[in-house]
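> Dumping the structure here so I can ask a few things about it.
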Amino acid sequence: MASVELDGIGKKFGDVVGVATQSMTIHDGEFMVFLGPSGCGKTTTMRMIAGLLEPSEGRVLVDGEDVTYDAPKDRDIAMVFQNYGLYPHMSVGENIGYPLKVRGLSKADRKAQIQDVAERVELTQLLDRRPSALSGGQRQRVALARAIVRRPKVFLMDEPLSNLDAQLRVSMRAEIKHLQQEMGITTVYVTHDQIEALTLADRIVIMQKGVIQQLGTPEEIYNTPANLFVANFIGSPSMNLINGSLENGIFTAPGGVHVPLKDSSQKNRANVVLGIRPEDMSVCDAVGAMISGVLYNSEMTGDAVFATIDVGEARVCARGDRHLRFQKAQKVGFDLDLDYVHLFDGKSGARL
Amino acid sequence: MTSLSSGVAPMPTKAQIRRQRNRKTMSVLRIVGILLITALWLLPVLWICATAFKSPGDVISLDIFFTPTLDNFAKAVGPNYQLGGRIWNSIIVTVGTLLVAIPSSTAAAYAFSRFRYPGGIVWPIGLLATQFVPAVMIIIPLFILFRSIGLLDTPIALIAVNLSVVVPYAIWMIKGFMDALPMDMEEAAMMDGASRFRALIDVVIPVAMPGIITATIFCFVVTWNEFFYALILTSNDSVTLPVSLMSARTDKGDEWEIMAVIGLTIMVPMMLISRVVQRHFLKGLTAGAVK
Ligand SMILES: Nc1ncnc2c1ncn2[C@@H]1O[C@H](COP(=O)(O)OP(=O)(O)OP(=O)(O)O)[C@@H](O)[C@H]1O
Ligand SMILES: [Mg+2]
């Protein structure tokens, strides 16, 4: 049980900025997910929390105590590695029991605890095997068991599910969430899979190029993205972004886009990006629609139909009823749910 | 398998028969070839083995048949040749060298492999560069050095010299192996509560064992066979097996049968050890095979 605080932490590799100066607090018992594209500094940040990487600047605090220069072993933080990092020369049982062995527990005590954890992650049948004789999912569970066997203060997981197939990923995801809630251990979880992030997280940190773009609950991230990057990154298919201008509370863009905003107090601006998610639009008659254009493509996904139209230079996609059918090059109109219209500054990308 | 249901195997065609015969001839040829090469390699060894059991008169005859005798062995361990003492010296020098070389090379290899430090690759390369100096060039200075500190004709001098030869290679061999090990494992150990040293002992060394064993065999062979330094730096008390071969060259001529006995004593442990170690080595290889 512990809170983790990053205070102005940053890491440079020579001239390369791995993580720019960042601060954040992870609350006691919280499930925090680091989400971002490849190379954005997720792993680097996590390794600084772990103590495997010394930050170039700033401090790491666990429960208010400065641990920036403490060795990993003195932090009582457990980590699950992407490639599991299992010990190939030890049996599964020995792997799980290693943290206890290092702490000097007797063989009998270790055995009891190993048994206990193995039951939790359903490994009891495999305790005598070598890791090389396990499947990916089983190895993953061994790594998990090894991390929880000693009830650490903080749990770190670096893309723990990325080597598993889709189905296993879903079930392991539920297992991890369940374990975390049951044990109430502060957890930091790195992923670049947004579904994983949205389903697991209490709060999400979105990073790009070593900079935190937004920190918030999954709802906040999804419903009020702080900037264009987040808006574009979260959601599948991703949010429609239309370049245009704002005048007297009305957003207009080439191709006849005409959106009267709910909030008419917005200042007039020339360079504005309007964002709207496909599911926040309804397909309607082309005449008199807020957005209309020629059908570019329509896709049936089973539970819905996604219609994409060409509007000026933009391509806009809307989610429609699954019974909708379109003709080639048909003129289609979309109406926007004005409660979910997002506006961003075209230059800085910040939310307006 | 259609032939199974009909119960009759199809007759092989002529071409098939020819191909089969060709394959048979090939495999016979191959076995003969292997035997020939093996014989070529083993003949001198067998000859030495035989010579060790021959009486002096039989040694120079080319007869394959002779009455075996153990006289040569009795003579070799006797006061003239002191084979027992020579074996002991060789064991002390070899074991002493390995005991220092392997742990220190492992530690150095780990440091070279994992830490960043000013100079970088210059250090391990510099270490290897010491081996570019021919032994004949430094033997005189070494002789004078050991004489002045009173270590001439002692196992310590030989151990020191052997270390200087063996350690650079051992470091490079083990380093290569460690470079290929993923960092995950030792980082996992450190996260699990181990110090770096403990992670080295518990995880890195066991997993790097095949590499360490390879280096050990190499060091063993080099040290056990080392002749030149031992020849110059020892005279009486600390003479090792390879040098003692020389003592069979007397003014009355070369005593081939004694040389054969000593040669056998040099070869047998090497063969035994590589056999035992080979088995370990293979086990280590498979144990390390997990990603
Ligand atoms: N040891 C290193 N030396 C130099 N640059 C590094 C090093 N480690 C990371 N970097 C750089 O720092 C940046 C952040 O890397 P990091 O591994 O944290 O990314 P990540 O978000 O975990 O990406 P991924 O999703 O691919 O794992 C990258 O640009 C990377 O190239
Ligand atoms: Mg990463």
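By convention here, the chains of the structure tokens are called A, B, ... in the order presented, each chain's residues are numbered starting at 1, and ligands are numbered starting at 1 in the order presented.
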Show me, as an NGL selection string, the residues of chain B whose atoms get within 6 Å of chain A, using only C-alpha atoms for the distance check.
:B and (184-185 or 188 or 190-194 or 287 or 290)
> What do you get as a list in words if you pick all residues at most 6 Å from ligand 1, counting only C-alpha atoms and all ligand atoms?
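The distance check yields Phe13, Gly18, Pro37, Ser38, Gly39, Cys40, Gly41, Lys42, Thr43 and Thr44 of chain A.
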> Just the selected residues (all heavy atoms), exported as a CSV table (one decimal), in the first residue's frame, please.

```csv
chain,number,residue,atom,x,y,z
A,13,PHE,N,18.9,10.4,-22.6
A,13,PHE,CA,19.9,9.5,-23.0
A,13,PHE,C,20.8,10.2,-24.0
A,13,PHE,O,20.5,10.3,-25.2
A,13,PHE,CB,19.3,8.3,-23.8
A,13,PHE,CG,18.3,7.5,-23.0
A,13,PHE,CD1,17.0,7.7,-23.1
A,13,PHE,CD2,18.7,6.6,-22.0
A,13,PHE,CE1,16.0,7.0,-22.4
A,13,PHE,CE2,17.8,5.9,-21.3
A,13,PHE,CZ,16.5,6.1,-21.5
A,18,GLY,N,14.3,11.0,-23.3
A,18,GLY,CA,13.4,9.8,-23.2
A,18,GLY,C,12.1,10.3,-22.5
A,18,GLY,O,11.0,9.9,-23.0
A,37,PRO,N,1.9,6.0,-27.8
A,37,PRO,CA,2.5,5.3,-28.9
A,37,PRO,C,3.9,4.8,-28.6
A,37,PRO,O,4.5,5.2,-27.6
A,37,PRO,CB,2.6,6.3,-30.1
A,37,PRO,CG,2.5,7.6,-29.4
A,37,PRO,CD,1.8,7.4,-28.1
A,38,SER,N,4.5,3.9,-29.4
A,38,SER,CA,5.8,3.4,-29.2
A,38,SER,C,6.8,4.5,-29.1
A,38,SER,O,6.8,5.5,-29.9
A,38,SER,CB,6.2,2.5,-30.4
A,38,SER,OG,7.2,1.7,-30.0
A,39,GLY,N,7.7,4.4,-28.1
A,39,GLY,CA,8.8,5.3,-28.0
A,39,GLY,C,8.4,6.6,-27.2
A,39,GLY,O,9.2,7.6,-27.2
A,40,CYS,N,7.3,6.6,-26.6
A,40,CYS,CA,6.8,7.9,-26.0
A,40,CYS,C,7.4,8.0,-24.5
A,40,CYS,O,7.2,9.0,-23.9
A,40,CYS,CB,5.3,8.0,-25.9
A,40,CYS,SG,4.6,6.8,-24.8
A,41,GLY,N,8.1,7.0,-24.0
A,41,GLY,CA,8.7,7.1,-22.7
A,41,GLY,C,8.0,6.4,-21.6
A,41,GLY,O,8.3,6.6,-20.4
A,42,LYS,N,7.1,5.5,-21.9
A,42,LYS,CA,6.3,4.8,-20.9
A,42,LYS,C,7.3,3.9,-20.1
A,42,LYS,O,7.3,3.9,-18.9
A,42,LYS,CB,5.3,3.9,-21.5
A,42,LYS,CG,4.3,4.6,-22.5
A,42,LYS,CD,3.3,3.7,-23.0
A,42,LYS,CE,3.8,2.6,-24.0
A,42,LYS,NZ,4.2,3.2,-25.3
A,43,THR,N,8.0,3.1,-20.8
A,43,THR,CA,8.9,2.2,-20.1
A,43,THR,C,10.0,2.9,-19.3
A,43,THR,O,10.3,2.6,-18.2
A,43,THR,CB,9.6,1.3,-21.2
A,43,THR,OG1,8.6,0.5,-21.9
A,43,THR,CG2,10.6,0.3,-20.5
A,44,THR,N,10.5,4.0,-19.9
A,44,THR,CA,11.5,4.8,-19.2
A,44,THR,C,11.0,5.3,-17.9
A,44,THR,O,11.6,5.2,-16.9
A,44,THR,CB,11.9,5.9,-20.1
A,44,THR,OG1,12.3,5.4,-21.4
A,44,THR,CG2,13.1,6.7,-19.5
```
> Let me make sure I understand: among A:Ala20, A:Val190, A:Leu156, A:Ile176, which one has the smallest atom-to-atom distance to ligand 2 if we use only C-alpha atoms and all ligand atoms?
A:Val190
> What does the structure give for the distance between CA of Gly244 in chain A and CA of Gly346 in chain A, in Å to one decimal?
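CA of Gly244 in chain A sits 8.6 Å away from CA of Gly346 in chain A.
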> Within range 136-201 of chain B, find each residue whose DSSP state, derived from the backbone, is alpha helix (DSSP H), and express the selection as a VMD selection string.
chain B and resid 136 to 148 155 to 179 184 to 191 196 to 199
> I'd like the contact shell of Asn225 in chain B - 10 Å cut-off, only C-alpha atoms, skipping same-chain residues fewer than 4 positions apart - returned as a list in words.
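With the cut-off at 10 Å, the set is Ser90, Thr94, Cys219, Phe220, Val221, Ala230, Thr240, Leu241, Pro242, Val243, Ile266, Met267 and Met270 of chain B.
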> Store the residues picked out above, limited to all heavy atoms, as a compact mmCIF listing (two decimals), in the first residue's frame.

```
# COMPACT_ATOMS: atom_id res chain seq x y z
N SER B 90 51.77 -30.19 -11.79
CA SER B 90 50.85 -29.79 -12.86
C SER B 90 49.46 -29.54 -12.29
O SER B 90 48.78 -28.59 -12.67
CB SER B 90 50.77 -30.89 -13.93
OG SER B 90 51.73 -30.63 -14.93
N THR B 94 47.61 -25.99 -12.44
CA THR B 94 46.37 -25.90 -13.21
C THR B 94 45.20 -25.51 -12.32
O THR B 94 44.45 -24.56 -12.62
CB THR B 94 46.07 -27.24 -13.89
OG1 THR B 94 47.22 -27.63 -14.63
CG2 THR B 94 44.88 -27.11 -14.81
N CYS B 219 40.82 -22.83 -20.56
CA CYS B 219 41.89 -22.49 -19.63
C CYS B 219 42.61 -23.74 -19.15
O CYS B 219 43.83 -23.75 -19.00
CB CYS B 219 41.34 -21.73 -18.41
SG CYS B 219 40.63 -20.16 -18.84
N PHE B 220 41.83 -24.78 -18.91
CA PHE B 220 42.44 -26.02 -18.43
C PHE B 220 43.42 -26.55 -19.46
O PHE B 220 44.56 -26.87 -19.14
CB PHE B 220 41.34 -27.05 -18.15
CG PHE B 220 41.88 -28.43 -17.91
CD1 PHE B 220 42.48 -28.74 -16.69
CD2 PHE B 220 41.81 -29.41 -18.90
CE1 PHE B 220 43.00 -29.99 -16.47
CE2 PHE B 220 42.33 -30.66 -18.68
CZ PHE B 220 42.93 -30.97 -17.46
N VAL B 221 42.99 -26.62 -20.70
CA VAL B 221 43.85 -27.18 -21.75
C VAL B 221 45.11 -26.34 -21.90
O VAL B 221 46.22 -26.88 -21.95
CB VAL B 221 43.08 -27.26 -23.09
CG1 VAL B 221 44.02 -27.63 -24.21
CG2 VAL B 221 41.96 -28.28 -22.98
N ALA B 230 57.00 -22.70 -18.40
CA ALA B 230 57.41 -23.66 -17.38
C ALA B 230 58.84 -24.12 -17.61
O ALA B 230 59.61 -24.31 -16.67
CB ALA B 230 56.46 -24.85 -17.38
N THR B 240 56.67 -29.15 -14.38
CA THR B 240 55.35 -29.70 -14.69
C THR B 240 55.48 -30.81 -15.73
O THR B 240 56.55 -31.01 -16.30
CB THR B 240 54.42 -28.60 -15.24
OG1 THR B 240 55.07 -27.98 -16.34
CG2 THR B 240 54.11 -27.56 -14.17
N LEU B 241 54.39 -31.48 -15.99
CA LEU B 241 54.42 -32.64 -16.88
C LEU B 241 55.00 -32.35 -18.26
O LEU B 241 55.88 -33.09 -18.72
CB LEU B 241 53.01 -33.22 -17.02
CG LEU B 241 52.56 -34.13 -15.87
CD1 LEU B 241 51.10 -34.48 -16.02
CD2 LEU B 241 53.42 -35.38 -15.81
N PRO B 242 54.53 -31.31 -18.95
CA PRO B 242 55.07 -31.10 -20.30
C PRO B 242 56.58 -30.93 -20.30
O PRO B 242 57.26 -31.43 -21.20
CB PRO B 242 54.37 -29.82 -20.77
CG PRO B 242 53.13 -29.75 -19.97
CD PRO B 242 53.47 -30.35 -18.65
N VAL B 243 57.09 -30.23 -19.28
CA VAL B 243 58.54 -30.02 -19.23
C VAL B 243 59.26 -31.32 -18.90
O VAL B 243 60.36 -31.58 -19.40
CB VAL B 243 58.89 -28.92 -18.21
CG1 VAL B 243 60.39 -28.76 -18.08
CG2 VAL B 243 58.25 -27.61 -18.62
N ILE B 266 49.70 -36.95 -19.60
CA ILE B 266 49.20 -35.62 -19.96
C ILE B 266 47.84 -35.73 -20.66
O ILE B 266 46.94 -34.94 -20.39
CB ILE B 266 50.21 -34.90 -20.90
CG1 ILE B 266 51.52 -34.66 -20.15
CG2 ILE B 266 49.63 -33.59 -21.41
CD1 ILE B 266 52.61 -34.02 -21.00
N MET B 267 47.72 -36.74 -21.50
CA MET B 267 46.51 -36.82 -22.33
C MET B 267 45.28 -37.31 -21.57
O MET B 267 44.19 -36.78 -21.75
CB MET B 267 46.76 -37.77 -23.50
CG MET B 267 47.51 -37.14 -24.63
SD MET B 267 47.55 -38.20 -26.06
CE MET B 267 48.10 -39.76 -25.40
N MET B 270 42.91 -34.90 -19.73
CA MET B 270 42.23 -33.99 -20.66
C MET B 270 41.05 -34.68 -21.31
O MET B 270 39.98 -34.12 -21.46
CB MET B 270 43.20 -33.50 -21.72
CG MET B 270 44.07 -32.38 -21.20
SD MET B 270 44.75 -31.40 -22.52
CE MET B 270 45.86 -32.54 -23.23
```
> Determine which residues of range 60-241 of chain A DSSP labels as strand (DSSP E) from the backbone of this structure, then write them out as a PDB file with N, CA, C and O atoms, in the first residue's frame.

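File written: part-v3.pdb
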```pdb
ATOM      1  N   VAL A  60      11.767  10.640  -7.127  1.00  0.00           N
ATOM      2  CA  VAL A  60      10.705   9.637  -7.026  1.00  0.00           C
ATOM      3  C   VAL A  60      10.397   9.458  -5.553  1.00  0.00           C
ATOM      4  O   VAL A  60      11.302   9.252  -4.744  1.00  0.00           O
ATOM      5  N   LEU A  61       9.129   9.595  -5.193  1.00  0.00           N
ATOM      6  CA  LEU A  61       8.762   9.412  -3.793  1.00  0.00           C
ATOM      7  C   LEU A  61       7.755   8.280  -3.661  1.00  0.00           C
ATOM      8  O   LEU A  61       6.789   8.206  -4.413  1.00  0.00           O
ATOM      9  N   VAL A  62       8.030   7.383  -2.736  1.00  0.00           N
ATOM     10  CA  VAL A  62       7.074   6.327  -2.422  1.00  0.00           C
ATOM     11  C   VAL A  62       6.599   6.578  -1.006  1.00  0.00           C
ATOM     12  O   VAL A  62       7.418   6.645  -0.080  1.00  0.00           O
ATOM     13  N   GLU A  65       8.369   9.271   0.800  1.00  0.00           N
ATOM     14  CA  GLU A  65       9.780   9.090   1.111  1.00  0.00           C
ATOM     15  C   GLU A  65      10.593   9.110  -0.177  1.00  0.00           C
ATOM     16  O   GLU A  65      10.238   8.421  -1.144  1.00  0.00           O
ATOM     17  N   ASP A  66      11.662   9.869  -0.188  1.00  0.00           N
ATOM     18  CA  ASP A  66      12.478  10.002  -1.389  1.00  0.00           C
ATOM     19  C   ASP A  66      13.276   8.713  -1.631  1.00  0.00           C
ATOM     20  O   ASP A  66      14.118   8.337  -0.828  1.00  0.00           O
ATOM     21  N   ILE A  77       9.137  -2.778  -4.539  1.00  0.00           N
ATOM     22  CA  ILE A  77       8.276  -2.638  -5.709  1.00  0.00           C
ATOM     23  C   ILE A  77       8.458  -3.895  -6.555  1.00  0.00           C
ATOM     24  O   ILE A  77       9.579  -4.351  -6.733  1.00  0.00           O
ATOM     25  N   ALA A  78       7.360  -4.450  -7.019  1.00  0.00           N
ATOM     26  CA  ALA A  78       7.461  -5.645  -7.863  1.00  0.00           C
ATOM     27  C   ALA A  78       7.178  -5.270  -9.306  1.00  0.00           C
ATOM     28  O   ALA A  78       6.459  -4.314  -9.569  1.00  0.00           O
ATOM     29  N   MET A  79       7.776  -6.018 -10.222  1.00  0.00           N
ATOM     30  CA  MET A  79       7.610  -5.674 -11.630  1.00  0.00           C
ATOM     31  C   MET A  79       7.371  -6.930 -12.462  1.00  0.00           C
ATOM     32  O   MET A  79       7.995  -7.956 -12.256  1.00  0.00           O
ATOM     33  N   VAL A  80       6.457  -6.805 -13.415  1.00  0.00           N
ATOM     34  CA  VAL A  80       6.232  -7.871 -14.391  1.00  0.00           C
ATOM     35  C   VAL A  80       6.770  -7.375 -15.724  1.00  0.00           C
ATOM     36  O   VAL A  80       6.354  -6.337 -16.208  1.00  0.00           O
ATOM     37  N   VAL A 154       4.151  -1.520  -4.386  1.00  0.00           N
ATOM     38  CA  VAL A 154       3.726  -1.055  -5.702  1.00  0.00           C
ATOM     39  C   VAL A 154       3.993  -2.158  -6.721  1.00  0.00           C
ATOM     40  O   VAL A 154       4.960  -2.903  -6.608  1.00  0.00           O
ATOM     41  N   PHE A 155       3.131  -2.213  -7.685  1.00  0.00           N
ATOM     42  CA  PHE A 155       3.162  -3.207  -8.712  1.00  0.00           C
ATOM     43  C   PHE A 155       3.431  -2.521 -10.039  1.00  0.00           C
ATOM     44  O   PHE A 155       2.707  -1.599 -10.401  1.00  0.00           O
ATOM     45  N   LEU A 156       4.441  -2.929 -10.784  1.00  0.00           N
ATOM     46  CA  LEU A 156       4.678  -2.330 -12.089  1.00  0.00           C
ATOM     47  C   LEU A 156       4.520  -3.405 -13.156  1.00  0.00           C
ATOM     48  O   LEU A 156       5.018  -4.514 -12.996  1.00  0.00           O
ATOM     49  N   MET A 157       3.825  -3.082 -14.216  1.00  0.00           N
ATOM     50  CA  MET A 157       3.691  -4.057 -15.303  1.00  0.00           C
ATOM     51  C   MET A 157       3.948  -3.368 -16.630  1.00  0.00           C
ATOM     52  O   MET A 157       3.278  -2.407 -16.977  1.00  0.00           O
ATOM     53  N   ASP A 158       4.944  -3.887 -17.361  1.00  0.00           N
ATOM     54  CA  ASP A 158       5.295  -3.292 -18.645  1.00  0.00           C
ATOM     55  C   ASP A 158       4.737  -4.158 -19.765  1.00  0.00           C
ATOM     56  O   ASP A 158       5.285  -5.211 -20.069  1.00  0.00           O
ATOM     57  N   THR A 186      -1.257  -0.585  -5.164  1.00  0.00           N
ATOM     58  CA  THR A 186      -1.020   0.481  -6.136  1.00  0.00           C
ATOM     59  C   THR A 186      -0.338  -0.101  -7.370  1.00  0.00           C
ATOM     60  O   THR A 186       0.677  -0.773  -7.250  1.00  0.00           O
ATOM     61  N   THR A 187      -0.887   0.167  -8.528  1.00  0.00           N
ATOM     62  CA  THR A 187      -0.378  -0.478  -9.729  1.00  0.00           C
ATOM     63  C   THR A 187      -0.126   0.525 -10.847  1.00  0.00           C
ATOM     64  O   THR A 187      -0.939   1.413 -11.079  1.00  0.00           O
ATOM     65  N   VAL A 188       1.018   0.365 -11.490  1.00  0.00           N
ATOM     66  CA  VAL A 188       1.284   1.135 -12.703  1.00  0.00           C
ATOM     67  C   VAL A 188       1.406   0.140 -13.840  1.00  0.00           C
ATOM     68  O   VAL A 188       2.129  -0.846 -13.740  1.00  0.00           O
ATOM     69  N   TYR A 189       0.666   0.390 -14.897  1.00  0.00           N
ATOM     70  CA  TYR A 189       0.537  -0.577 -15.975  1.00  0.00           C
ATOM     71  C   TYR A 189       0.816   0.137 -17.286  1.00  0.00           C
ATOM     72  O   TYR A 189       0.205   1.154 -17.587  1.00  0.00           O
ATOM     73  N   VAL A 190       1.772  -0.387 -18.039  1.00  0.00           N
ATOM     74  CA  VAL A 190       2.133   0.241 -19.310  1.00  0.00           C
ATOM     75  C   VAL A 190       1.510  -0.530 -20.465  1.00  0.00           C
ATOM     76  O   VAL A 190       1.540  -1.756 -20.480  1.00  0.00           O
ATOM     77  N   THR A 191       0.944   0.194 -21.398  1.00  0.00           N
ATOM     78  CA  THR A 191       0.390  -0.482 -22.568  1.00  0.00           C
ATOM     79  C   THR A 191       0.320   0.499 -23.726  1.00  0.00           C
ATOM     80  O   THR A 191       0.382   1.710 -23.529  1.00  0.00           O
ATOM     81  N   ARG A 203      -7.142   5.598 -13.470  1.00  0.00           N
ATOM     82  CA  ARG A 203      -6.766   6.807 -14.212  1.00  0.00           C
ATOM     83  C   ARG A 203      -5.742   6.449 -15.283  1.00  0.00           C
ATOM     84  O   ARG A 203      -4.993   5.487 -15.130  1.00  0.00           O
ATOM     85  N   ILE A 204      -5.717   7.240 -16.327  1.00  0.00           N
ATOM     86  CA  ILE A 204      -4.812   6.989 -17.448  1.00  0.00           C
ATOM     87  C   ILE A 204      -3.891   8.191 -17.630  1.00  0.00           C
ATOM     88  O   ILE A 204      -4.334   9.332 -17.498  1.00  0.00           O
ATOM     89  N   VAL A 205      -2.634   7.912 -17.899  1.00  0.00           N
ATOM     90  CA  VAL A 205      -1.716   8.969 -18.326  1.00  0.00           C
ATOM     91  C   VAL A 205      -1.442   8.751 -19.799  1.00  0.00           C
ATOM     92  O   VAL A 205      -0.996   7.678 -20.191  1.00  0.00           O
ATOM     93  N   ILE A 206      -1.735   9.753 -20.605  1.00  0.00           N
ATOM     94  CA  ILE A 206      -1.413   9.636 -22.023  1.00  0.00           C
ATOM     95  C   ILE A 206      -0.142  10.408 -22.294  1.00  0.00           C
ATOM     96  O   ILE A 206      -0.028  11.583 -21.929  1.00  0.00           O
ATOM     97  N   MET A 207       0.840   9.743 -22.884  1.00  0.00           N
ATOM     98  CA  MET A 207       2.121  10.388 -23.134  1.00  0.00           C
ATOM     99  C   MET A 207       2.416  10.392 -24.620  1.00  0.00           C
ATOM    100  O   MET A 207       1.965   9.530 -25.377  1.00  0.00           O
ATOM    101  N   GLN A 208       3.193  11.410 -24.996  1.00  0.00           N
ATOM    102  CA  GLN A 208       3.723  11.436 -26.351  1.00  0.00           C
ATOM    103  C   GLN A 208       5.054  12.139 -26.333  1.00  0.00           C
ATOM    104  O   GLN A 208       5.193  13.203 -25.738  1.00  0.00           O
ATOM    105  N   VAL A 211       6.248  13.506 -23.097  1.00  0.00           N
ATOM    106  CA  VAL A 211       5.483  14.542 -22.404  1.00  0.00           C
ATOM    107  C   VAL A 211       4.075  14.020 -22.097  1.00  0.00           C
ATOM    108  O   VAL A 211       3.443  13.399 -22.953  1.00  0.00           O
ATOM    109  N   ILE A 212       3.613  14.273 -20.865  1.00  0.00           N
ATOM    110  CA  ILE A 212       2.260  13.882 -20.505  1.00  0.00           C
ATOM    111  C   ILE A 212       1.274  14.756 -21.254  1.00  0.00           C
ATOM    112  O   ILE A 212       1.330  15.979 -21.183  1.00  0.00           O
ATOM    113  N   GLN A 213       0.359  14.137 -21.992  1.00  0.00           N
ATOM    114  CA  GLN A 213      -0.643  14.892 -22.738  1.00  0.00           C
ATOM    115  C   GLN A 213      -1.900  15.097 -21.916  1.00  0.00           C
ATOM    116  O   GLN A 213      -2.536  16.142 -21.986  1.00  0.00           O
ATOM    117  N   GLN A 214      -2.257  14.105 -21.161  1.00  0.00           N
ATOM    118  CA  GLN A 214      -3.447  14.219 -20.314  1.00  0.00           C
ATOM    119  C   GLN A 214      -3.397  13.149 -19.242  1.00  0.00           C
ATOM    120  O   GLN A 214      -2.899  12.051 -19.462  1.00  0.00           O
ATOM    121  N   LEU A 215      -3.885  13.518 -18.062  1.00  0.00           N
ATOM    122  CA  LEU A 215      -3.984  12.560 -16.972  1.00  0.00           C
ATOM    123  C   LEU A 215      -5.409  12.618 -16.461  1.00  0.00           C
ATOM    124  O   LEU A 215      -5.875  13.683 -16.064  1.00  0.00           O
ATOM    125  N   GLY A 216      -6.128  11.530 -16.521  1.00  0.00           N
ATOM    126  CA  GLY A 216      -7.507  11.565 -16.062  1.00  0.00           C
ATOM    127  C   GLY A 216      -8.145  10.201 -16.061  1.00  0.00           C
ATOM    128  O   GLY A 216      -7.510   9.205 -16.439  1.00  0.00           O
ATOM    129  N   ASN A 240     -13.383  12.109 -35.682  1.00  0.00           N
ATOM    130  CA  ASN A 240     -13.285  12.921 -36.897  1.00  0.00           C
ATOM    131  C   ASN A 240     -12.781  14.306 -36.547  1.00  0.00           C
ATOM    132  O   ASN A 240     -13.243  14.910 -35.581  1.00  0.00           O
ATOM    133  N   LEU A 241     -11.818  14.770 -37.304  1.00  0.00           N
ATOM    134  CA  LEU A 241     -11.280  16.103 -37.057  1.00  0.00           C
ATOM    135  C   LEU A 241     -11.433  16.924 -38.329  1.00  0.00           C
ATOM    136  O   LEU A 241     -10.991  16.512 -39.399  1.00  0.00           O
TER     137      LEU A 241
END
```
> With only C-alpha atoms as the counted atoms, please give the residues lying no more than 12 Å from Gly312 in chain A, apart from itself and same-chain residues fewer than 3 positions off, as JSON, numbers by chain.
{"A": [242, 243, 244, 252, 253, 254, 255, 256, 257, 291, 292, 293, 294, 309, 315, 316]}
> Which polymer residues have any atom within 7 Å of an atom of Pro55 in chain A, counting only C-alpha atoms, with same-chain residues fewer than 4 positions away left out, as a PyMOL selection string?
chain A and resi 9-11+48
